[in-house]
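Colleague: The structure file data.txt (compact mmCIF, C-alpha atoms) is provided below.
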# COMPACT_ATOMS: atom_id res chain seq x y z
CA MET A 1 -22.61 30.63 78.10
CA GLU A 2 -22.15 28.49 75.03
CA ARG A 3 -18.78 28.77 73.36
CA GLU A 4 -20.26 30.06 70.10
CA ASP A 5 -22.29 32.70 71.95
CA LEU A 6 -19.25 33.80 73.87
CA LYS A 7 -17.28 34.14 70.66
CA SER A 8 -20.09 36.17 69.18
CA VAL A 9 -20.07 38.55 72.16
CA LEU A 10 -16.30 38.91 72.03
CA GLU A 11 -16.41 39.62 68.32
CA SER A 12 -18.93 42.42 68.87
CA LEU A 13 -16.78 43.95 71.58
CA LEU A 14 -13.71 43.74 69.38
CA PHE A 15 -15.63 45.37 66.57
CA VAL A 16 -16.50 48.49 68.56
CA ALA A 17 -13.22 48.77 70.48
CA ASP A 18 -10.93 51.57 69.36
CA GLY A 19 -7.77 50.06 70.79
CA PRO A 20 -6.37 46.75 71.99
CA VAL A 21 -8.65 45.28 74.69
CA PRO A 22 -6.93 43.46 77.57
CA LEU A 23 -8.18 39.98 78.41
CA GLN A 24 -9.20 41.16 81.87
CA ARG A 25 -11.53 43.74 80.37
CA PHE A 26 -13.40 41.04 78.39
CA VAL A 27 -13.74 38.97 81.54
CA GLU A 28 -15.25 41.93 83.40
CA ILE A 29 -17.74 42.62 80.63
CA VAL A 30 -18.81 39.05 79.91
CA ASN A 31 -19.10 38.20 83.58
CA ALA A 32 -20.58 34.76 82.99
CA ALA A 33 -17.32 33.30 81.77
CA GLY A 34 -13.98 32.80 83.47
CA LYS A 35 -10.60 33.96 82.30
CA ASP A 36 -9.62 30.63 80.77
CA GLU A 37 -12.88 30.35 78.91
CA VAL A 38 -12.62 33.85 77.46
CA SER A 39 -9.01 33.30 76.57
CA GLY A 40 -9.88 30.02 74.84
CA ALA A 41 -12.71 31.64 72.91
CA LEU A 42 -10.41 34.44 71.76
CA ARG A 43 -7.89 31.89 70.51
CA GLU A 44 -10.61 30.10 68.59
CA LEU A 45 -11.81 33.34 67.10
CA GLN A 46 -8.25 34.12 66.14
CA GLY A 47 -8.06 30.76 64.38
CA ASP A 48 -11.39 31.32 62.64
CA TYR A 49 -10.16 34.54 61.10
CA GLU A 50 -6.87 32.99 60.18
CA ASN A 51 -8.38 29.96 58.50
CA SER A 52 -11.08 31.77 56.58
CA LYS A 53 -10.21 34.14 53.83
CA ARG A 54 -11.64 37.12 55.69
CA GLY A 55 -10.27 40.64 55.51
CA VAL A 56 -9.61 41.01 59.22
CA ARG A 57 -7.33 39.27 61.67
CA LEU A 58 -7.49 39.11 65.42
CA VAL A 59 -4.08 40.01 66.75
CA GLU A 60 -2.63 40.17 70.22
CA VAL A 61 -0.92 43.51 70.51
CA ALA A 62 0.20 45.93 73.25
CA GLY A 63 -1.24 43.77 76.01
CA GLY A 64 -4.66 43.31 74.43
CA PHE A 65 -6.62 41.97 71.50
CA GLN A 66 -7.47 43.96 68.42
CA LEU A 67 -9.01 43.43 65.01
CA ARG A 68 -6.71 44.50 62.23
CA THR A 69 -7.01 44.34 58.49
CA ALA A 70 -5.27 41.55 56.60
CA LYS A 71 -1.92 42.59 55.25
CA VAL A 72 -2.76 41.48 51.70
CA ASN A 73 -5.43 44.18 51.52
CA ALA A 74 -3.14 47.01 52.60
CA ASP A 75 -3.17 48.78 49.24
CA PHE A 76 -6.95 48.92 49.06
CA VAL A 77 -7.30 50.15 52.62
CA LYS A 78 -4.68 52.81 51.99
CA LYS A 79 -6.47 53.93 48.87
CA TYR A 80 -9.73 54.18 50.78
CA LEU A 81 -8.24 56.11 53.71
CA GLY A 82 -6.45 58.43 51.35
CA GLY A 83 -3.76 59.51 53.76
CA ARG A 84 -0.13 58.71 53.61
CA PRO A 85 1.39 56.93 56.57
CA ALA A 86 4.25 58.86 58.06
CA ARG A 87 7.36 57.23 56.73
CA MET A 88 10.17 56.59 59.14
CA SER A 89 13.68 57.62 58.30
CA ARG A 90 16.61 55.35 59.03
CA ALA A 91 17.66 57.69 61.82
CA THR A 92 14.24 57.42 63.44
CA LEU A 93 14.09 53.65 63.14
CA GLU A 94 17.59 53.14 64.45
CA THR A 95 16.99 55.42 67.41
CA LEU A 96 13.72 53.71 68.15
CA ALA A 97 15.42 50.31 68.06
CA ILE A 98 18.09 51.51 70.47
CA ILE A 99 15.49 52.83 72.89
CA ALA A 100 13.36 49.70 72.60
CA TYR A 101 16.22 47.36 73.46
CA ARG A 102 18.11 49.52 75.92
CA GLN A 103 15.34 51.24 77.82
CA PRO A 104 15.42 53.13 80.05
CA ILE A 105 18.11 55.09 78.27
CA THR A 106 19.26 58.72 78.16
CA LYS A 107 19.77 60.81 75.07
CA ALA A 108 23.54 60.87 75.68
CA GLU A 109 23.60 57.07 75.73
CA ILE A 110 21.69 56.93 72.45
CA GLU A 111 24.15 59.38 70.94
CA ALA A 112 27.07 57.26 72.12
CA ILE A 113 25.71 54.27 70.19
CA ARG A 114 24.75 56.07 66.98
CA GLY A 115 27.68 58.49 67.07
CA VAL A 116 25.48 61.45 66.16
CA ASP A 117 23.31 64.04 67.82
CA ALA A 118 19.90 62.63 68.79
CA ASP A 119 18.01 65.81 69.69
CA GLY A 120 15.78 66.04 66.64
CA VAL A 121 14.99 62.36 66.41
CA VAL A 122 14.14 62.04 70.09
CA ASN A 123 11.80 65.00 69.81
CA THR A 124 10.09 63.49 66.78
CA LEU A 125 9.59 60.22 68.61
CA LEU A 126 8.21 62.05 71.64
CA GLU A 127 5.81 64.00 69.42
CA ARG A 128 4.61 60.81 67.80
CA ASN A 129 4.14 59.31 71.23
CA LEU A 130 6.33 56.34 70.42
CA ILE A 131 8.60 57.04 73.38
CA ARG A 132 8.18 58.84 76.65
CA ALA A 133 10.33 60.07 79.50
CA VAL A 134 10.02 57.42 82.19
CA ALA A 135 12.34 58.77 84.86
CA ARG A 136 15.44 60.82 85.45
CA LYS A 137 18.84 59.26 85.73
CA ASP A 138 20.63 59.83 88.99
CA VAL A 139 23.73 61.39 87.50
CA PRO A 140 24.80 65.03 87.26
CA GLY A 141 22.25 67.00 85.26
CA ARG A 142 19.60 64.39 86.03
CA PRO A 143 18.89 63.66 82.36
CA PHE A 144 15.63 62.05 81.26
CA LEU A 145 15.48 58.34 80.75
CA PHE A 146 13.36 57.31 77.77
CA GLY A 147 11.32 54.20 77.18
CA THR A 148 8.86 53.03 74.54
CA THR A 149 5.08 53.44 74.78
CA ASP A 150 2.05 51.29 74.03
CA ASP A 151 1.82 53.14 70.73
CA PHE A 152 5.22 51.73 69.86
CA LEU A 153 3.98 48.20 70.52
CA GLN A 154 0.88 48.88 68.46
CA LEU A 155 2.85 50.37 65.59
CA PHE A 156 5.08 47.34 65.23
CA ASN A 157 2.48 44.74 66.06
CA LEU A 158 4.14 43.60 69.27
CA LYS A 159 2.35 41.90 72.15
CA ASP A 160 4.91 43.18 74.63
CA LEU A 161 8.58 44.09 74.75
CA GLY A 162 9.47 40.45 75.33
CA GLN A 163 8.35 39.80 71.76
CA LEU A 164 11.17 41.90 70.34
CA PRO A 165 13.56 39.61 68.51
CA THR A 166 16.77 39.00 70.45
CA LEU A 167 19.61 41.25 69.46
CA LYS A 168 22.24 39.52 67.42
CA GLU A 169 25.43 38.62 69.22
CA ALA A 170 28.65 40.13 67.94
CA ASP A 171 29.68 36.98 66.05
CA GLU A 172 26.33 36.74 64.30
CA ILE A 173 26.69 40.13 62.73
CA ARG A 174 27.52 39.90 59.10
CA LEU A 175 28.80 43.06 57.71
CA PRO A 176 26.91 44.96 56.38
CA GLU A 177 24.41 45.18 53.60
CA LEU A 178 23.75 48.74 54.64
CA PRO A 179 20.57 47.38 56.13
CA GLY A 180 17.22 48.87 55.52
CA GLU A 181 18.40 51.14 52.82
CA SER A 182 17.34 49.23 49.74
CA GLU A 183 14.09 48.18 51.34
CA GLN A 184 13.34 51.68 52.41
CA VAL A 185 13.96 53.04 48.98
CA ALA A 186 11.73 50.35 47.54
CA LEU A 187 9.08 51.23 50.06
CA GLU A 188 9.29 54.86 49.17
CA GLN A 189 8.95 54.08 45.51
CA ALA A 190 5.99 51.86 46.15
CA GLU A 191 4.34 54.65 48.03
CA ALA A 192 5.17 57.20 45.42
CA GLU A 193 3.63 55.03 42.74
CA GLU A 194 0.28 54.94 44.44
CA MET B 195 38.89 61.11 41.99
CA SER B 196 36.27 59.62 39.73
CA THR B 197 33.94 62.07 38.08
CA ASN B 198 30.68 60.37 38.87
CA VAL B 199 31.07 60.05 42.58
CA GLN B 200 27.96 58.80 44.22
CA LEU B 201 27.68 60.25 47.65
CA GLU B 202 25.25 58.51 49.86
CA ILE B 203 23.87 60.35 52.78
CA PHE B 204 25.44 58.94 55.88
CA GLU B 205 23.71 58.96 59.19
CA GLY B 206 26.97 59.64 60.95
CA PRO B 207 30.64 58.71 61.15
CA LEU B 208 29.91 55.13 62.23
CA ASP B 209 27.54 54.70 59.33
CA LEU B 210 30.17 55.97 56.94
CA LEU B 211 32.81 53.65 58.41
CA LEU B 212 30.54 50.62 58.11
CA HIS B 213 29.93 51.56 54.51
CA LEU B 214 33.65 51.79 53.78
CA ILE B 215 34.34 48.49 55.50
CA LYS B 216 31.69 46.83 53.38
CA LYS B 217 32.89 48.48 50.21
CA ASN B 218 36.42 47.24 50.79
CA GLU B 219 35.15 43.80 51.73
CA VAL B 220 37.32 43.66 54.80
CA ASN B 221 36.76 42.01 58.13
CA ILE B 222 35.38 44.37 60.73
CA THR B 223 37.62 42.87 63.41
CA ASP B 224 40.70 43.44 61.28
CA ILE B 225 40.21 46.84 59.69
CA PRO B 226 43.03 48.01 57.41
CA ILE B 227 43.14 51.28 59.26
CA ALA B 228 45.39 53.17 56.82
CA THR B 229 43.15 52.47 53.82
CA ILE B 230 39.93 53.13 55.67
CA THR B 231 41.26 56.35 57.19
CA GLU B 232 42.33 57.58 53.80
CA GLN B 233 38.93 56.85 52.26
CA TYR B 234 37.16 58.31 55.24
CA LEU B 235 39.05 61.58 54.91
CA ALA B 236 38.46 61.63 51.16
CA THR B 237 34.73 61.29 51.72
CA LEU B 238 34.79 64.12 54.25
CA GLU B 239 36.61 66.28 51.76
CA LEU B 240 34.05 65.47 49.12
CA MET B 241 31.23 66.37 51.47
CA GLN B 242 32.89 69.70 52.13
CA THR B 243 33.39 70.33 48.43
CA LEU B 244 29.70 69.74 47.89
CA ASN B 245 29.00 72.23 50.63
CA LEU B 246 27.35 69.59 52.71
CA ASP B 247 27.36 70.42 56.34
CA VAL B 248 29.96 68.13 57.84
CA ALA B 249 28.88 67.68 61.42
CA GLY B 250 31.45 67.87 64.18
CA GLU B 251 31.06 64.16 64.90
CA PHE B 252 32.63 63.35 61.54
CA LEU B 253 35.69 65.37 62.45
CA VAL B 254 36.01 63.78 65.87
CA MET B 255 35.99 60.38 64.19
CA ALA B 256 38.63 61.56 61.73
CA ALA B 257 40.86 62.45 64.66
CA THR B 258 40.19 59.11 66.30
CA LEU B 259 41.12 57.26 63.10
CA ILE B 260 44.34 59.17 62.72
CA HIS B 261 45.18 58.51 66.34
CA ILE B 262 44.58 54.78 65.92
CA LYS B 263 46.63 54.77 62.75
CA SER B 264 49.58 56.40 64.48
CA ARG B 265 49.42 53.94 67.35
CA MET B 266 49.35 51.04 64.92
CA LEU B 267 52.65 52.26 63.56
CA LEU B 268 54.34 52.01 66.92
CA PRO B 269 56.06 48.73 67.62
CA ALA B 270 54.21 46.71 70.25
CA GLY B 271 55.08 47.72 73.80
CA GLU B 272 56.09 51.22 72.83
CA THR B 273 52.80 52.93 73.50
CA ALA B 274 53.19 56.24 75.22
CA PRO B 275 53.49 55.75 78.96
CA ASP B 276 50.64 58.12 79.80
CA GLU B 277 48.17 55.89 78.00
CA ASP B 278 46.78 53.52 80.52
CA GLU B 279 45.67 50.94 78.02
CA ASP B 280 46.43 47.27 78.29
CA GLU B 281 49.86 46.42 77.11
CA GLY B 282 49.63 45.07 73.60
CA ALA B 283 45.91 45.78 73.21
CA ASP B 284 44.89 46.38 69.62
CA PRO B 285 44.31 50.13 69.24
CA ARG B 286 41.33 49.33 67.02
CA ASP B 287 39.43 47.38 69.67
CA GLU B 288 37.40 50.24 71.03
CA LEU B 289 36.31 51.33 67.57
CA VAL B 290 35.44 47.79 66.51
CA LYS B 291 33.30 47.43 69.60
CA ARG B 292 31.40 50.60 68.75
CA LEU B 293 30.92 49.58 65.13
CA LEU B 294 29.59 46.17 66.08
CA GLU B 295 27.27 47.67 68.66
CA TYR B 296 25.93 50.14 66.12
CA GLN B 297 25.50 47.41 63.52
CA ARG B 298 23.45 45.39 65.99
CA PHE B 299 20.94 48.19 66.24
CA LYS B 300 20.91 48.77 62.53
CA ASP B 301 19.94 45.12 62.18
CA ALA B 302 17.34 45.52 64.91
CA ALA B 303 15.89 48.55 63.14
CA GLU B 304 15.64 46.55 59.95
CA GLN B 305 13.79 43.78 61.74
CA LEU B 306 11.36 46.28 63.21
CA GLU B 307 10.68 47.61 59.79
CA GLN B 308 9.90 44.18 58.44
CA ARG B 309 7.10 43.68 60.93
CA GLU B 310 3.47 44.30 60.05
CA VAL B 311 3.51 48.04 60.60
CA LEU B 312 0.27 49.69 61.63
CA THR B 313 -1.06 52.13 58.99
CA ARG B 314 1.42 50.75 56.46
CA ASP B 315 0.66 47.02 56.25
CA VAL B 316 -2.27 46.62 58.57
CA PHE B 317 -4.99 48.92 59.81
CA ALA B 318 -7.24 49.05 62.81
CA ARG B 319 -10.34 50.98 63.70
CA ASN B 320 -9.42 54.60 64.39
CA ALA B 321 -5.99 53.94 63.04
CA ALA B 322 -6.06 57.28 61.34
CA PRO B 323 -3.08 57.96 59.16
CA THR B 324 -0.50 59.70 61.26
CA GLU B 325 -0.22 62.54 58.81
CA THR B 326 -3.01 64.81 57.72
CA PRO B 327 -4.21 63.48 54.42
CA THR B 328 -3.36 65.51 51.39
CA PRO B 329 -5.43 65.05 48.27
CA ALA B 330 -4.37 61.91 46.47
CA GLY B 331 -1.37 62.33 44.29
CA PHE B 332 -0.22 65.64 45.67
CA ARG B 333 3.05 66.15 47.36
CA GLU B 334 4.28 68.88 49.57
CA ILE B 335 6.72 71.22 48.04
CA SER B 336 10.11 72.22 49.30
CA VAL B 337 11.28 75.73 50.00
CA LEU B 338 13.86 75.40 47.25
CA GLU B 339 11.25 74.63 44.63
CA LEU B 340 9.24 77.56 45.86
CA LEU B 341 12.22 79.87 45.56
CA ALA B 342 12.88 78.64 42.04
CA ALA B 343 9.26 79.34 41.15
CA ILE B 344 9.35 82.87 42.51
CA GLN B 345 12.57 83.42 40.62
CA ARG B 346 10.77 82.54 37.39
CA VAL B 347 7.99 84.97 38.23
CA ILE B 348 10.44 87.78 38.80
CA GLU B 349 12.25 87.04 35.56
CA ARG B 350 8.99 87.33 33.68
CA LEU B 351 8.40 90.88 34.88
CA PRO B 352 8.54 93.53 32.16
CA LYS B 353 12.09 94.70 31.83
CA ASP B 354 11.38 98.31 30.87
CA VAL B 355 9.98 99.49 34.12
CA VAL B 356 8.46 102.93 33.79
CA HIS B 357 9.55 105.03 36.68
CA GLU B 358 6.32 106.52 37.72
CA VAL B 359 6.40 107.25 41.37
CA ILE B 360 2.83 106.42 42.11
CA LEU B 361 3.23 103.83 44.77
CA ASP B 362 0.32 101.48 45.02
CA LYS B 363 0.40 101.15 48.72
CA ILE B 364 -0.84 97.64 48.96
CA THR B 365 0.13 95.99 52.18
CA VAL B 366 0.85 92.37 52.86
CA ARG B 367 -2.34 92.20 54.92
CA GLN B 368 -4.48 93.56 52.12
CA LYS B 369 -2.91 91.10 49.77
CA MET B 370 -3.70 88.30 52.22
CA THR B 371 -7.35 89.29 52.17
CA LEU B 372 -7.39 89.35 48.39
CA LEU B 373 -5.77 85.95 48.26
CA LEU B 374 -8.27 84.47 50.68
CA ASP B 375 -11.17 85.96 48.71
CA ARG B 376 -9.85 84.37 45.61
CA LEU B 377 -9.47 80.97 47.20
CA ARG B 378 -12.97 81.16 48.53
CA ALA B 379 -14.23 81.55 45.00
CA GLN B 380 -11.92 78.91 43.57
CA ALA B 381 -10.72 75.92 45.56
CA GLN B 382 -7.40 75.78 43.82
CA VAL B 383 -5.36 78.30 41.90
CA TYR B 384 -2.10 78.14 40.07
CA PHE B 385 0.81 79.61 41.99
CA GLU B 386 1.92 81.62 39.01
CA SER B 387 -1.52 83.08 38.46
CA LEU B 388 -1.21 84.86 41.80
CA PHE B 389 1.29 87.12 40.13
CA ASP B 390 -0.70 87.87 36.97
CA ASP B 391 -1.32 91.45 38.03
CA ALA B 392 2.13 92.01 39.43
CA LYS B 393 4.01 94.70 37.56
CA THR B 394 6.97 95.34 39.78
CA ARG B 395 9.32 93.36 41.89
CA MET B 396 7.63 94.91 44.91
CA ASP B 397 4.24 93.54 43.82
CA VAL B 398 5.72 90.08 43.53
CA VAL B 399 7.42 90.28 46.89
CA VAL B 400 4.31 91.52 48.69
CA THR B 401 2.19 88.78 47.15
CA PHE B 402 4.80 86.17 47.97
CA LEU B 403 5.01 87.34 51.59
CA ALA B 404 1.25 87.31 51.89
CA MET B 405 1.21 83.77 50.61
CA LEU B 406 3.89 82.62 53.05
CA GLU B 407 2.08 84.32 55.90
CA LEU B 408 -1.09 82.38 55.04
CA VAL B 409 0.84 79.13 54.88
CA LYS B 410 2.22 79.87 58.31
CA VAL B 411 -1.23 80.25 59.85
CA ARG B 412 -2.34 77.18 57.90
CA ALA B 413 -4.96 79.02 55.93
CA ILE B 414 -3.59 77.74 52.67
CA ARG B 415 -1.47 74.89 51.45
CA ILE B 416 1.03 74.76 48.64
CA VAL B 417 1.08 71.50 46.73
CA GLN B 418 2.50 70.08 43.57
CA GLU B 419 1.22 67.06 41.73
CA GLU B 420 4.55 65.91 40.42
CA LEU B 421 8.12 66.99 40.49
CA SER B 422 8.49 70.22 38.49
CA GLY B 423 4.77 70.15 37.71
CA PRO B 424 2.60 73.19 38.28
CA ILE B 425 2.49 74.47 41.85
CA MET B 426 -1.01 74.86 43.21
CA ILE B 427 -2.37 76.88 46.09
CA GLU B 428 -5.41 75.56 47.91
CA ALA B 429 -7.52 76.41 50.92
CA ALA B 430 -6.63 74.61 54.14
CA VAL B 431 -8.25 74.07 57.51
CA GLY B 432 -7.36 77.38 59.12
CA MET B 433 -8.75 79.48 56.32
CA ASP B 434 -11.84 80.97 57.95
CA GLN B 435 -10.06 81.68 61.16
CA ALA B 436 -7.23 83.35 59.30
CA ALA B 437 -9.67 85.45 57.29
CA GLU B 438 -11.21 86.76 60.49
CA GLN B 439 -7.86 87.57 61.99
CA VAL B 440 -6.70 89.38 58.89
CA THR B 441 -9.84 91.51 58.86
CA LEU B 442 -9.35 92.38 62.50
CA ASP B 443 -5.72 93.28 62.03
CA GLU B 444 -6.54 95.35 59.03
CA ALA B 445 -9.19 97.31 60.90
CA GLU B 446 -6.77 97.92 63.69
CA GLU B 447 -4.11 99.12 61.34
CA GLU B 448 -6.50 101.58 59.79
CA GLN B 449 -7.39 102.96 63.19
CA HIS B 450 -3.78 103.59 63.96
CA GLY B 451 -3.42 105.18 60.58
CA THR B 452 -0.57 102.97 59.48
Show me the file's structure as structure tokens.

Modeller:
Amino acid sequence: MEREDLKSVLESLLFVADGPVPLQRFVEIVNAAGKDEVSGALRELQGDYENSKRGVRLVEVAGGFQLRTAKVNADFVKKYLGGRPARMSRATLETLAIIAYRQPITKAEIEAIRGVDADGVVNTLLERNLIRAVARKDVPGRPFLFGTTDDFLQLFNLKDLGQLPTLKEADEIRLPELPGESEQVALEQAEAEE
Amino acid sequence: MSTNVQLEIFEGPLDLLLHLIKKNEVNITDIPIATITEQYLATLELMQTLNLDVAGEFLVMAATLIHIKSRMLLPAGETAPDEDEDEGADPRDELVKRLLEYQRFKDAAEQLEQREVLTRDVFARNAAPTETPTPAGFREISVLELLAAIQRVIERLPKDVVHEVILDKITVRQKMTLLLDRLRAQAQVYFESLFDDAKTRMDVVVTFLAMLELVKVRAIRIVQEELSGPIMIEAAVGMDQAAEQVTLDEAEEEQHGT
């Protein structure tokens, strides 16, 4: 199959897909092309979107490929969709970060790091399918161990957990601009203004 | 204490401590424990004065701080013998470790938030907003605002109540049906207009309960366009189902003669 034809096929598949499509799945569907060829075509397609001023981007996320809207158009898309994205509180974000970096982790261990009760936040994250119970810890009470889900990767545009930025070492930590707070407020205001 | 104290909402004792350390521009590895403890306790007191619920964790941390402070006062080598800590170890070490660890994750959370977040910065097919869309520009209303509104309604009631003992026996269920009928005719009604016919406190209460009941079964939604703007009631997804249920319940009640 010619490279341009292959790209055309892949683009069609990406268009109808309702989630990230793993490379392997493309290979199965296209049949006539090998893994390297498909992978190369996807990269090219990715570049095409990037270099043209189109409204979609091809991103690699949660172990697959997915078309997503360009960030610059966010306001228009939001206006069209009409809904409000669920805003995340600092507590939720911090807890999610702890779970992402320290998984699998129990609720008690999360509480030890944040110094506060984690019941409510953990339940919210479970409800939103951003975390899940992956196992039970072999200690008295056999508490659940939590880990992040594919939805988590999708939400934060991550290919896999390896793409999480490395945690800062103790000596890199500058103290502290009360992180996130000002940005979050700004975000909230921006959303309120819409 | 200054009169215009700005109290930020702290996520927990560690959050509060980090805030104080920053405010005092001190080094986290060399915390002036007496100053910080004093300010920490003052903040706790302020929270209590404001009737904020001071969670137990804040108190545990207060005890920890006081403990560290007392140990700092002891000359080196004179730590109580039952404490199996390293000779000469800084009593603040454990706390510093926790603060740094917490700060790491606060940084990590911030980095997560700066990514291209799905349904905030970027969108994908089927990336439905994670919350049910409310009509543009409307916000959900808090219980407190609702209570304030009902208070206004009650205050508006005629003061000279005539004591006629003809009780209009209108039940909450009947009122629910009336409310649903009205919303079927009109997509949106003013909250206050629900009480136009109310003459007594009882009328108001029954109507209010009926309204809350309908919110609970998701037959209606209470929204407000802007802070302290008019409160509106509108039909929601569960309306038809709720209407059916109310009719059934009502029929049943009549059979039982209640």

Colleague: So that I can check the surroundings of Phe144 in chain A, please list as a ChimeraX atom specification every protein, DNA and RNA residue that reaches within 12 Å of it, counting all atoms listed in the file and ignoring chain neighbours fewer than 6 positions away.

Modeller: /A:103-110,122,131-138

Colleague: Taking only C-alpha atoms into account, name the residue in A:Leu6, A:Ala74, A:Ala118, A:Leu158 that is nearest to chain B.

Modeller: A:Ala74

Colleague: How far is it from CA of Asp151 in chain A to CA of Asn129 in chain A, in Å with one decimal?

Modeller: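 Between these atoms lies a distance of 6.6 Å.
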
Colleague: Ranking B:Val254, B:Ala283, B:Leu212, B:Leu306 by minimum distance to Gln233 in chain B and counting all atoms listed in the file, which one comes first?

Modeller: B:Leu212

Colleague: Tell me as a VMD selection string which residues belonging to chain B come within 7 Å of chain A, counting all atoms listed in the file.

Modeller: chain B and resid 205 to 208 212 to 213 216 251 292 294 to 296 298 to 304 306 309 to 320 323 to 328 330

Colleague: Grab the CA of Thr365 in chain B to CA of Asp397 in chain B distance for me, in Å with one decimal place.

Modeller: 9.6 Å

Colleague: For CA of Phe252 in chain B and CA of Glu239 in chain B, determine how far apart the two atoms are, in Å to one decimal place.

Modeller: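 Distance reported for this atom pair: 11.0 Å.
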
Colleague: Skip Leu259 in chain B itself and residues of its chain fewer than 3 positions away, then list as number ranges by chain all residues within 10 Å of it, counting only C-alpha atoms.

Modeller: B: 227-228, 230-232, 234-235, 253-256, 262-265, 285-286, 289

Colleague: Quick one: residues within 10 Å of Ala436 in chain B, all atoms listed in the file, excluding same-chain residues fewer than 5 positions away - as a VMD selection string?

Modeller: chain B and resid 370 to 371 374 407 to 408 411 to 414 431 441 to 442

Colleague: Residues within 9 Å of Phe26 in chain A, please, as a list in words. Count only C-alpha atoms; anything in the same chain fewer than 3 positions from it doesn't count.

Modeller: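 Skipping anything fewer than 3 positions along the chain leaves Leu10, Leu13, Val21, Pro22, Leu23, Ile29, Val30, Asn31, Lys35 and Val38 of chain A.
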
Colleague: Given 5 Å on each side, where is the centre and what are the edge lengths in Å to one decimal of the axis-aligned box enclosing the listed atoms of range 16-34 of chain A, as AutoDock Vina command-line options?

Modeller:
--center_x -13.5 --center_y 42.2 --center_z 76.1 --size_x 24.2 --size_y 28.8 --size_z 25.0
